[in-house]
Each structure stands twice: as structure tokens, then as C-alpha cells.
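Novice: The structure that follows is given in the form of C-alpha cells.
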Amino acid sequence: MAELHDLTALEQAEAIREGVVSPVELTEHYLDRIDRLNDTVGAFLTVTPELARKQAADAELEAVAARRDGRRLSPLHGVPVPVKDLNLVAGVPCTLGSAAYADHVPEIDDHVVAKLREAGTVMLGKTNTPEFCLPNYTENHLAPPARTPWDLRRSAGGSSGGAATAVASGLAPLAQGSDGGGSIRIPASACGLFGIKPSRGRVSGGPMLHDVSGLATHGPLARTVADAAALFDAMAGPMPGAPYGAPSLPPGESFATYAHRDPGVLRVAMLPDPPVPGVELHPDCRAACEDAAGLLRELGHPVDELTWPVDDALLTSFARVWEVMANVFPVAPEQEELLMPLTRYLRERGGLVPAAEFVGALCGFRALGQAIADQLLSSYDVILTPTLAQPPVMIGDLRNDSDPEAEFAALMAFSPFTSLQNATGQPAVSVPLYRNASGLPIGVMLAGRYGDDAALVSLSAQLETARPWNEQRPALW
């Protein structure tokens with residue numbers, strides 16, 4: 001007999017609406033799994049059982065009243081959705097993955113958290129993240145590392161590694177993540193999940209953590225496209241003070257409806273080679289990209305293989321901006337020693353970046369977005385690349401406390417594809433279509449025109465229907 005965590009998030013929500021399962025029962029099921037498995041997979045930094053039980057009880061009362069009155073509930077009402085520990089939840093510790101913020105308890109909710117509350121979801125806790133979300137692995141001084149459940153020796157990626165392993169390990173049905181350089185798509189690839197990095201401005205980063213660089217946004221991690229689309233709907237939408245605003249969907253439409261809609265024939269540009277000089281693509285990642293191209297062709301989408309212009313312009317600009325943005329979170333001088341070596345290195349470097357160089361890097365991002373729109377997406381609808389240049393790496397392989405400069409270079413070589421869409425603001429998704437000979441998940445990435453997130457949802461759902469991936473489960477499931 002199937003257990004509750006075998007159900008998709010939307011199946012759980014349907015069971016709640018019908019009165020077959022209560023939010024309280026569902027929440028207790030996940031809290032029990034977290035208690036048993038969290039130390040193994042490193043999913044949560046903070047678990048909030050009291051808050052979760054209160055929200056679940058409130059959701060159950062609302063579900064009973066809705067059945068009695070014939071009212072509709074929100075699509076994810078009563079479903080548990082953990083929040084990344086980068087984001088503010090009133091009254092709950094927000095460590096940002098840093099020992100320097102171990103005692104930080106905010107008094108307000110981020111906009112994305114407020115929207116999850118409005119959707120009736122239940123917060124199980126705060127998911128694991130690296131310090132200040134800077135590296136693309138999830139290892140810090142506060143908790144065990146986040147591990148992919150497909151091989152517990154290997155990293156879940158980052159910076160939304162805790163969110164990804166929570167979903168992939170059955171500790172949550174789906175999760176909120178954030179992505180400033182690939183931080184949703186990287187762990188989605190490492191953990192065999194579907195992840196969406198939305199168009200810039202689709203989801204608010206406010207009211208306190210607006211990203212002035214325009215790189216970062218929030219998005220969903222899920223086992224199915226339909227689940228991710230439902231969470232995307234819950235998080236998306238304009239909020240007061242947001243500095244960007246993606247085009248709205250047509251009236252009456254939602255990302256959930258696009259998850260059940262044929263995408264039509266889309267022209268695909270396949271770019272399998274890394275755009276960064278000197279980066280080698282692992283054969284498994286190339287095979288995953290070629291396999292996805294073959295499936296797209298079978299589904300009627302023409303695919304042309306092209307080549308990137310390989311230079312270090314994007315890498316250099318991204319590094320300068322990343323170094324400056326490492327200083328966003330204030331740290332008292334006497335607490336600097338609590339920071340990870342990579343964090344200290346990036347903050348020191350960022351303090352030396354001239355204003356003209358920082359502005360020039362941001363202008364370079366905008367020019368890059370214009371060039372891709374004019375030269376590539378004028379002829380093609382979708383860009384296909386590997387998500388990563390390597391399969392999931394061993395815990396500790398990317399971290400290099402003794403040489404943070406070498407570590408940063410290794411991080412860029414691990415994920416040379418993902419930062420492009422953060423620089424341009426384009427939407428992108430990682431799709432878990434492929435497994436290597438060892439059974440490790442290898443994601444492929446689809447990117448689209450700015451504002452056309454819906455097309456990527458529809459195309460991903462078509463790929464999922466052609467090759468379902470949700471039936472595959474790790475051993476600890």
C-alpha cells in the first residue's frame with residue numbers, strides 16, 4: 001500500500017479536499033520522516049514542529065468548512081512546503097547558512113513566505129543552504145551537508161541543496177528554493193528533480209531581500225511538473241515595491257493550466273559545449289543533452305546543434321558581481337572569523353571592486369540578454385544545454401578551505417551553463433530525463449525567452465509524459 005509521501009503534492013491536496021487525508025496527518029507523517037532521516041541527508045537547518053502543527057490544524061478547520069460550504073480551496077491547501085533558510089519567516093531563525101547569523105530571528109515574512117501562507121501551505125521548517133548561498137554545494141558550519149539520496153556520498157548541490165534533498169528523500173512533497181547562479185537547477189539535477197528558475201520579476205524577492213543585481217529569484221523544486229507549476233502559481237505575482245515585473249499570464253490562465261497543455265512545435269537550439277574557456281564537459285552530461293535532443297525530435301520539435309562563442313566575459317562579469325554581492329549581509333568585524341574561507345575571500349575581493357567595474361559588469365549582463373534575444377531567440381524558441389558539466393560530486397570535492405580562489409574556479413567549472421539565465425533574466429528549468437550507468441540523475445536545462453516561463457512548463461510536461469521519471473525512487477525512500 002502506498003504511503004503518504006508516495007503521493008504527489010497535488011494528489012495530497014486532492015485527498016485533503018475530499019477529506020480522505022487531514023493536513024494534520026500529513027504533517028505528522030513528514031515530521032516523523034524528518035526526525036528519522038534529516039541527519040542522514042542534511043535537508044533542514046531548522047525544523048518547526050509547533051508552527052507546522054498549528055498551520056496544519058488551521059488548514060484542517062478551513063478544509064472542513066470548505067467541504068461544508070461547497071467552497072473551493074487553493075490547489076496546495078494543507079500541503080507541506082518548507083522554506084529555504086535564506087528567506088525570512090517571522091519568529092523563526094534565519095541563519096543564512098552562517099554561524100555569524102545563528103541567533104538571527106526576523107520579525108517579518110518575505111513576500112514569498114506570505115504568499116505560501118496565503119496558499120494554505122504548511123511550513124515544516126527551514127532547509128539547509130551554504131553560507132549566504134554563495135557556493136553551489138550545501139556544506140556549512142551549522143549542520144550536516146546536504147546529500148543527494150541517490151548516493152549519500154555525493155552532494156545535493158546548492159545553494160538550494162537542502163530543499164532538493166528534502167523533496168528527493170521524501171521529507172517534503174515539494175519545496176521553495178532560490179536561484180542566483182543556478183541554485184535551483186543545480187540541486188534539481190543532482191537530486192533527480194524538476195526545478196524552475198523563473199523570469200526576473202516573476203516572483204518578488206521583497207520586502208527586505210530585493211537583489212539589486214537582478215541575478216536572484218525564487219522558484220519551486222518538485223518531483224513532477226504539475227506539482228512545480230502549482231507551487232509556481234502560489235509564489236508568483238506582483239508585490240508592492242518589486243523593482244521588476246515579468247509579463248502577466250493571459251487572463252484566467254495559470255502555470256498549472258500550461259502543465260496540461262500541448263506546447264506546439266518549438267524550435268530548439270542545442271548548445272552542448274560549455275561557454276567558459278577550459279571547462280571540460282563530462283561524457284555523461286553530454287550524453288544526457290544528446291538524449292534529450294533525440295527525445296525532443298521524436299516529439300516533433302526541430303533541434304539544431306550550435307556552438308557558444310567561448311570567452312571569459314560572462315565568467316569575469318559574474319565573478320565581479322558575485323564578489324560584491326557577498327557583502328550584502330552585514331557581519332560585525334569581530335564575527336568575520338566565523339565565516340567560511342570562501343565567504344571571507346569573496347567579501348574581501350568584493351570590497352576591492354571599483355564602482356565602474358561593478359556597473360560595467362551589470363551593463364554587460366543587459367547587453368548579453370539583448371544579444372541572445374536578437375541573435376538566438378529570434379530564430380529559436382528554446383535553448384537546450386546540460387544543466388551541469390559534471391555528475392553529482394562527492395561531498396567535499398568542490399570545497400577547498402585552504403585555497404578559496406581555486407575553489408571558486410572549481411565552482412564555475414562545475415556549473416558553467418546556469419549563470420547565463422541569471423545574468424539575462426531568462427526563465428530556465430532543469431529536467432531529470434537521464435540517468436548514468438551508476439544510476440545517478442543527470443539533468444538537462446531548457447531556457448526560453450524572457451517572460452515565456454509557460455512555454456517551458458508545457459514543454460517539460462510533454463517530456464515528462466513521454467518519459468515519466470517520478471516512479472524512480474532512491475533506496476531510503
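Starting from 1 in every chain, residues are counted up; chains themselves are A, B, ... following the order of the C-alpha cells, and ligands are numbered from 1 as listed.
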May I have the residues within 8 Å of Leu76 (chain A) as an MDAnalysis selection string, using only C-alpha atoms and disregarding those fewer than 2 positions away in the same chain?

Specialist: chainID A and resid 9:10 13 74 78:79 119:121 230:231

Novice: From a DSSP calculation on the backbone, collect every residue of region 153-365 of chain A in strand (DSSP E or B) and output the set as a list of chain:residue names.

Specialist: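 Going through region 153-365 of chain A, the strand (DSSP E or B) residues come out as A:Arg154, A:Ser155, A:Leu174, A:Ala175, A:Gln176, A:Gly177, A:Ser178, A:Asp179, A:Phe194, A:Gly195, A:Ile196, A:Lys197, A:Val203, A:Thr217, A:His218, A:Gly219, A:Pro220, A:Leu221, A:Ala222, A:Gly237, A:Val268, A:Ala269, A:Met270, A:Val303, A:Asp304, A:Glu305.
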
Novice: Among region 152-363 of chain A, which residues carry a DSSP assignment of helix (DSSP H, G or I), reported as number ranges by chain?

Specialist: A: 161-168, 185-191, 225-235, 255-258, 283-298, 313-325, 333-338, 341-350, 355-363

Novice: Excluding region 367-374 of chain A and its own-chain neighbours fewer than 5 positions away, which residues fall within 9 Å of it when counting only C-alpha atoms? Please give them as a list of chain:residue names.

Specialist: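 Residues near the query, excluding close chain neighbours: A:Leu314, A:Leu362, A:Ser379, A:Leu420, A:Gln421, A:Ala423, A:Thr424, A:Gly425, A:Gln426, A:Arg449, A:Tyr450.
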
Novice: List the spatial neighbours of Val331 (chain A) as a PyMOL selection string - criterion: any atom at most 12 Å away, only C-alpha atoms, same-chain residues fewer than 2 positions off excluded.

Specialist: chain A and resi 96+98-102+104+132+326-329+333-339+343-344+347

Novice: Counting only C-alpha atoms, which residues in region 87-189 of chain A sit no more than 7 Å from region 196-206 of chain A? For each one, give the nearest pair of atoms and the distance in Å, sorted by chain then residue number, as a tab-separated table.

Specialist:
```
residue	atom	partner	partner_atom	distance
A:Asp110	CA	A:Gly206	CA	5.9
A:His111	CA	A:Gly206	CA	5.6
A:Val112	CA	A:Ser204	CA	6.6
A:Asp179	CA	A:Lys197	CA	6.4
A:Ile184	CA	A:Lys197	CA	6.5
A:Arg185	CA	A:Ile196	CA	6.9
```

Novice: Would you export the selected residues with all heavy atoms as a tab-separated table (two decimals), in the first residue's frame, please?

Specialist:
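The resulting part.tsv:
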```tsv
chain	number	residue	atom	x	y	z
A	110	ASP	N	9.17	37.29	4.36
A	110	ASP	CA	9.41	37.66	2.98
A	110	ASP	C	8.10	37.56	2.19
A	110	ASP	O	7.18	36.82	2.58
A	110	ASP	CB	10.45	36.73	2.34
A	110	ASP	CG	11.88	37.17	2.60
A	110	ASP	OD1	12.07	38.34	2.98
A	110	ASP	OD2	12.79	36.35	2.41
A	111	HIS	N	8.02	38.27	1.07
A	111	HIS	CA	6.81	38.19	0.24
A	111	HIS	C	6.49	36.76	-0.16
A	111	HIS	O	5.33	36.35	-0.16
A	111	HIS	CB	7.00	39.04	-1.02
A	111	HIS	CG	6.89	40.51	-0.78
A	111	HIS	ND1	7.44	41.45	-1.60
A	111	HIS	CD2	6.28	41.22	0.21
A	111	HIS	CE1	7.17	42.66	-1.16
A	111	HIS	NE2	6.48	42.55	-0.05
A	112	VAL	N	7.52	36.00	-0.53
A	112	VAL	CA	7.27	34.64	-1.00
A	112	VAL	C	6.70	33.78	0.14
A	112	VAL	O	5.85	32.91	-0.08
A	112	VAL	CB	8.56	34.01	-1.58
A	112	VAL	CG1	9.61	33.77	-0.52
A	112	VAL	CG2	8.25	32.73	-2.33
A	179	ASP	N	17.43	31.02	-6.65
A	179	ASP	CA	18.41	30.76	-7.71
A	179	ASP	C	19.05	32.07	-8.13
A	179	ASP	O	18.42	32.92	-8.74
A	179	ASP	CB	17.68	30.12	-8.90
A	179	ASP	CG	18.60	29.56	-9.96
A	179	ASP	OD1	19.57	30.25	-10.33
A	179	ASP	OD2	18.34	28.44	-10.45
A	184	ILE	N	18.67	26.64	-7.96
A	184	ILE	CA	17.55	25.69	-8.03
A	184	ILE	C	17.89	24.58	-9.01
A	184	ILE	O	17.70	23.38	-8.73
A	184	ILE	CB	16.25	26.40	-8.44
A	184	ILE	CG1	15.72	27.26	-7.29
A	184	ILE	CG2	15.18	25.39	-8.88
A	184	ILE	CD1	14.55	28.15	-7.67
A	185	ARG	N	18.43	24.95	-10.16
A	185	ARG	CA	18.66	23.98	-11.23
A	185	ARG	C	19.80	23.01	-10.90
A	185	ARG	O	19.74	21.83	-11.25
A	185	ARG	CB	18.94	24.73	-12.53
A	185	ARG	CG	17.71	25.49	-13.05
A	185	ARG	CD	18.12	26.62	-14.00
A	185	ARG	NE	18.74	27.72	-13.29
A	185	ARG	CZ	19.54	28.63	-13.85
A	185	ARG	NH1	19.82	28.55	-15.15
A	185	ARG	NH2	20.05	29.62	-13.14
```
